[in-house]
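Accompanying notes for the structure given below.
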Amino acid sequence: MWSVSSFAKLVVPTEVKISPDGTWLACTIKRIDPEKNRAVRQLILYNIATKERFFLAEDTSKPRFSPSSRRLAYLKKQEDKSALCILELSNFSSYTLLTTDAVGFFGWSCDERNLFVVTQKRRNDPDLYFETRIPVWFDAKGFLDDQRDVFHVFDVESHQELAQFEEKNVTYAFWSKEGIVYTLSREKSPFTRFDIFLHSKGSKRTILEDVGFIATSESQEGLVLLGREKKNAFQHDYVYLLKKGQIVPLTEQYGLDNSGHISLEVWASDSEGYPVAAGEWVYFKSGEGGTVKLERMNLRSFEKETVFNEGAVSCFDASEDGKVVYVVVDDERGAEVYLHREGQKEKITSLNEQFLETVTVRRLHYFQYPSFDGTKIDAWYLKPDSSPAPLIVFVHGGPKGAYGRCLYFLGQLLAQEGFYVLYTNPRGSDNYSEEFALAVKERTGLEDFKDIVSGVEELKRKEAITDVGITGISYGGFMTNWAITQSDMFKAAVSENGISYWLTSYAFSDIGFWFDKSLIGDDPLTNENYRKLSPLFHAKSVKTPLLLIHSLEDYRCPLDQSLMFYHVLRDLGKEVYIAIFKKGAHGHSVQASYSHRLKRYKLIVEFFKQKLLLKSETFDLKDCLKID
């Protein structure tokens, strides 16, 4: 049987790399160590020819093979520092090149004599932070304190630093044949407009200016770009090629989002998942409904091929000889590493196989339903052992997130406890048409909420459902807050790190000044949407018992959002509770300590059990705060 602590048994491959010559595979795995009360990352090297495995020390991650495949650069965590290490693959000897507070990006020169490393420099005054840019803080990083990105160029042979230069707002960087290519986010329109530069032999040259792309890798035909020529927060990203000064569309004609996103819960990846060029191919993810496919395009013939199209590909890499390594998450095996070569798929890891044989893994049941206006919506649900039974509706983050064929731990736990569990992809979700994604723009909580309600009504026609509860994190937290102000359908709700007032989100969040304006509308100080679409101003309508969960260090959807809603609801005499975790960024559900995550799961499960199964009039913490 599943237990609340079973999440600690699930091992996650969070990043994979393959050597350019296709002989080595490197994988970072993440596992929970309850005694250390934290996640431990560890690098595993796999010899593709001999199938031998080599384990590096604990707290190692971020593998980067050299162009000749003779060396591996990687990070090793040392207390509160990061060490950049170099491993000689011929004899497995290693040395530390640099130890610093944090490493952003690093990469090899084409002749592998040099390595660049990006670190961060802040003002670090003992008494205050001082800032001239926005945002003042950033989620999981804290106060930026006038942060600069410092590029260091090292001679790998002598271990000496040869050069250093500073930039601001580095989004991505890699070493091309000509030098270091890096993308900067523009200060006046961060996260949507970029400048791309080349640094070579001490000089800086502009490649592209004020564009909606970032440069992700270099192919035989030119630079690979991801984004849009004109981009806002909810448009799809497509793959392009910068060839001889011309921007050539590669995937725009297919209309599918080449970021490809599925809400992965415990299976979140550490990798960016950006397009990768290898040989005459460029590899990329492509979201379609409840799957994230791995595809590739030939840069000479422009023919597209699908490498893998089941479940959700979270991260991947490719070698010059056509081998592809990738991590797949599905609703049966969790996350595992696979190798694709010569048209054949080979399973490399069995990280979760034996544990999953000890529990009952319920498969997701797919159905599609027409919403109130006929729009087709994808949905999946889990069934309990007996019915009739109550239903818990999950709402994903984003809103440009998506559910799909994944093993959702919390859903498995709730289904075992006697609940139906529903996952839907209402309009605004990723992996569908751009029109579908943009439908929530300036209409957040309107048609998308009706899509969710239509899904509940359709499932009620299929199954014997009693009461209905709702939960979600981030945008799902907003929708939970919104749902209980708009309908009496829900008899219990758990809102996590959500939004209750869009104006303070715009002004307080690390991304609010551009994201909220894209979603809710321009002119936040006068735009009625910022009040009309905020759950806070509909609080008098709430009749649903509500548990608010928030992490104190969330700068994406800051604590004020739950705290305001709690205070107002309490003042109105509503049944509401709040649990504030003392640590944890926006992604605390997957990034926090073992004890933190365990208590979070206990709070959610126990609240729904007491309210929907036991019909309790109050919420008793009971054993929620105890550690197994």
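So you can find residues: chains in the structure tokens are A, B, ... in the order shown, residues in each start at 1, and ligands are numbered from 1 in order.
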- Query: Near Thr358 of chain A, counting only C-alpha atoms, which residues have an atom at most 12 Å away, once you skip same-chain residues fewer than 4 positions from it, shown as number ranges by chain?
  - Reply: A: 1-3, 6, 9, 352-354
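Shell of segment 136-141 of chain A at 6 Å, with only C-alpha atoms counted and residues fewer than 4 places along the chain excluded, is Asp510, Tyr555, Arg556 and Ala585 of chain A.
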Output of the above residues as a PDB file, in the first residue's frame, restricted to N, CA, C and O atoms:
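Once everything was written out, this is selection.pdb:
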```
ATOM      1  N   ASP A 510       7.667  38.317  -8.273  1.00  0.00           N
ATOM      2  CA  ASP A 510       8.891  38.519  -9.048  1.00  0.00           C
ATOM      3  C   ASP A 510       8.623  38.598 -10.552  1.00  0.00           C
ATOM      4  O   ASP A 510       9.418  39.151 -11.312  1.00  0.00           O
ATOM      5  N   TYR A 555       8.375  33.821  -3.713  1.00  0.00           N
ATOM      6  CA  TYR A 555       8.375  35.175  -4.288  1.00  0.00           C
ATOM      7  C   TYR A 555       7.638  35.222  -5.615  1.00  0.00           C
ATOM      8  O   TYR A 555       7.521  36.280  -6.222  1.00  0.00           O
ATOM      9  N   ARG A 556       7.154  34.056  -6.095  1.00  0.00           N
ATOM     10  CA  ARG A 556       6.380  33.995  -7.338  1.00  0.00           C
ATOM     11  C   ARG A 556       4.921  34.357  -7.056  1.00  0.00           C
ATOM     12  O   ARG A 556       4.329  35.201  -7.713  1.00  0.00           O
ATOM     13  N   ALA A 585      10.495  27.766  -1.518  1.00  0.00           N
ATOM     14  CA  ALA A 585      10.156  28.666  -2.606  1.00  0.00           C
ATOM     15  C   ALA A 585       8.826  28.247  -3.217  1.00  0.00           C
ATOM     16  O   ALA A 585       8.094  27.412  -2.676  1.00  0.00           O
TER      17      ALA A 585
END
```
- Message: When you look at Lys540 of chain A with a cut-off of 10 Å (counting only C-alpha atoms), what residues show up, excluding the ones that are within fewer than 2 positions of it in the same chain? I need them as a PyMOL selection string.
- Response: chain A and resi 485+535-538+542-543+568-569+572-574
Residues of segment 313-413 of chain A that approach segment 430-453 of chain A to 12 Å or less, counting only C-alpha atoms: could you list each one with the shortest pair of atoms and its distance in Å to one decimal, rows by chain and increasing residue number, as a Markdown table?
```
| residue | atom | partner | partner_atom | distance |
| --- | --- | --- | --- | --- |
| A:Gln368 | CA | A:Asp451 | CA | 11.5 |
| A:Tyr369 | CA | A:Asp451 | CA | 9.3 |
| A:Pro370 | CA | A:Asp451 | CA | 8.5 |
| A:Ser371 | CA | A:Asp451 | CA | 5.3 |
| A:Phe372 | CA | A:Lys450 | CA | 6.9 |
| A:Asp373 | CA | A:Asp451 | CA | 9.1 |
| A:Gly374 | CA | A:Asp451 | CA | 9.9 |
| A:Thr375 | CA | A:Asp451 | CA | 8.4 |
| A:Lys376 | CA | A:Asp451 | CA | 9.1 |
| A:Ile377 | CA | A:Asp451 | CA | 7.3 |
| A:Asp378 | CA | A:Asp451 | CA | 10.0 |
| A:Ala379 | CA | A:Ile452 | CA | 9.5 |
| A:Ile392 | CA | A:Ile452 | CA | 11.9 |
| A:Val393 | CA | A:Ile452 | CA | 8.4 |
| A:Phe394 | CA | A:Ile452 | CA | 9.4 |
| A:Val395 | CA | A:Ile452 | CA | 8.4 |
| A:His396 | CA | A:Asp430 | CA | 10.4 |
| A:Gly397 | CA | A:Asp430 | CA | 10.4 |
| A:Gly398 | CA | A:Asp430 | CA | 8.5 |
| A:Pro399 | CA | A:Asp430 | CA | 8.0 |
| A:Lys400 | CA | A:Asp430 | CA | 4.8 |
| A:Gly401 | CA | A:Asp430 | CA | 5.2 |
| A:Ala402 | CA | A:Asp430 | CA | 5.4 |
| A:Tyr403 | CA | A:Asp430 | CA | 8.9 |
| A:Gly404 | CA | A:Asn431 | CA | 10.0 |
```
- Item | Interatomic distance (Å, one decimal) between atom CA of Lys602 of chain A and atom CA of Val327 of chain A | 29.0 Å
- Correct to one decimal, the distance atom CA of Glu458 of chain A-atom CA of Val292 of chain A is 25.7 Å
- Neighbours of segment 12-26 of chain A within 6 Å (only C-alpha atoms; same-chain residues fewer than 4 positions away dropped), as a PyMOL selection string? chain A and resi 30+44-48+65+69+267+269-271+316-317+319-320
Selected residues written out with N, CA and C atoms, as a tab-separated table (two decimals), in the first residue's frame:
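File produced: again.tsv:
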```tsv
chain	number	residue	atom	x	y	z
A	30	LYS	N	17.88	11.92	-8.42
A	30	LYS	CA	17.53	12.59	-7.16
A	30	LYS	C	16.73	11.62	-6.30
A	44	ILE	N	25.44	9.30	-12.21
A	44	ILE	CA	25.74	7.93	-12.63
A	44	ILE	C	26.26	7.99	-14.06
A	45	LEU	N	27.41	7.36	-14.31
A	45	LEU	CA	27.97	7.25	-15.65
A	45	LEU	C	27.71	5.85	-16.18
A	46	TYR	N	27.32	5.77	-17.43
A	46	TYR	CA	26.94	4.50	-18.04
A	46	TYR	C	27.72	4.34	-19.34
A	47	ASN	N	28.52	3.28	-19.43
A	47	ASN	CA	29.24	2.99	-20.67
A	47	ASN	C	28.29	2.24	-21.61
A	48	ILE	N	27.96	2.86	-22.71
A	48	ILE	CA	26.93	2.31	-23.60
A	48	ILE	C	27.36	0.99	-24.22
A	65	PHE	N	29.78	16.80	-21.00
A	65	PHE	CA	30.89	16.12	-21.66
A	65	PHE	C	31.68	17.11	-22.52
A	69	SER	N	34.80	13.89	-25.87
A	69	SER	CA	34.23	12.85	-25.00
A	69	SER	C	35.26	12.26	-24.04
A	267	TRP	N	8.17	14.33	-10.23
A	267	TRP	CA	9.13	13.96	-11.28
A	267	TRP	C	9.79	15.16	-11.95
A	269	SER	N	12.09	17.96	-13.50
A	269	SER	CA	13.45	17.87	-14.04
A	269	SER	C	14.28	19.07	-13.65
A	270	ASP	N	15.60	18.89	-13.57
A	270	ASP	CA	16.53	20.00	-13.35
A	270	ASP	C	16.97	20.63	-14.67
A	271	SER	N	16.68	19.97	-15.78
A	271	SER	CA	17.17	20.39	-17.09
A	271	SER	C	16.23	21.40	-17.73
A	316	PHE	N	16.34	15.48	-22.25
A	316	PHE	CA	16.91	14.66	-23.31
A	316	PHE	C	18.26	15.22	-23.75
A	317	ASP	N	19.00	14.42	-24.54
A	317	ASP	CA	20.24	14.87	-25.17
A	317	ASP	C	20.52	13.94	-26.34
A	319	SER	N	23.68	12.59	-29.42
A	319	SER	CA	25.09	12.53	-29.82
A	319	SER	C	25.21	12.76	-31.32
A	320	GLU	N	26.44	12.97	-31.77
A	320	GLU	CA	26.68	13.25	-33.18
A	320	GLU	C	26.33	12.05	-34.07
```
- Nearby residues (only C-alpha atoms) at most 12 Å from Lys599 of chain A, same-chain spacing under 3 positions excluded, as a PyMOL selection string: chain A and resi 4-5+7+549+579-581+588-589+592-596+602-607+621-628
- Task: Using only C-alpha atoms, determine which residues lie at most 12 Å from Lys177 of chain A, disregarding the query and same-chain residues fewer than 5 positions distant; provide the list as a PyMOL selection string.
- Result: chain A and resi 67+108-112+198-200+217-223
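Nearest residue to Tyr577 of chain A among A:Ala173, A:Ile473, A:Ala493, A:Leu356 is A:Ala493, counting only C-alpha atoms.
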- Mind the document's chain letters and residue numbers, and return as a PyMOL selection string the residues of segment 61-122 of chain A that DSSP labels strand (DSSP E or B). chain A and resi 61-65+71-78+81-88+93-100+103-108+114-121
Selection near Lys62 of chain A, 7 Å with only C-alpha atoms, sequence-local residues under 2 positions removed, as a PDB file with N, CA, C and O atoms, in the first residue's frame:
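The new file result.pdb reads:
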```pdb
ATOM      1  N   ARG A  64      28.508  17.680 -18.021  1.00  0.00           N
ATOM      2  CA  ARG A  64      28.761  18.284 -19.330  1.00  0.00           C
ATOM      3  C   ARG A  64      29.979  17.605 -19.945  1.00  0.00           C
ATOM      4  O   ARG A  64      31.117  17.794 -19.484  1.00  0.00           O
ATOM      5  N   TYR A  74      31.367  18.700 -14.075  1.00  0.00           N
ATOM      6  CA  TYR A  74      30.147  18.529 -13.282  1.00  0.00           C
ATOM      7  C   TYR A  74      30.256  19.372 -12.017  1.00  0.00           C
ATOM      8  O   TYR A  74      31.340  19.867 -11.654  1.00  0.00           O
ATOM      9  N   LEU A  75      29.117  19.528 -11.339  1.00  0.00           N
ATOM     10  CA  LEU A  75      29.082  20.287 -10.092  1.00  0.00           C
ATOM     11  C   LEU A  75      29.016  19.337  -8.904  1.00  0.00           C
ATOM     12  O   LEU A  75      28.374  18.288  -8.963  1.00  0.00           O
TER      13      LEU A  75
END
```
- Query: So which one's closest to Phe608 of chain A, A:Lys491, A:Lys517, A:Lys36, A:Lys121? Using only C-alpha atoms, please.
  - Reply: A:Lys491
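Using only C-alpha atoms, the smallest distance between any of A:Asp59, A:Glu417, A:Asp257, A:Glu303 and Arg228 of chain A comes from A:Asp257.
In this model, the gap between atom CA of Gly227 of chain A and atom CA of Gly212 of chain A comes to 5.6 Å.
If only C-alpha atoms are the atoms counted, then among A:Lys231, A:Lys76, A:Arg123, A:Lys609 the closest residue to Thr100 of chain A is A:Lys76.
Here the question is which of A:Leu459, A:Leu533, A:Leu407, A:Met297 gets nearest to Ala312 of chain A using only C-alpha atoms, and that residue is A:Leu407.
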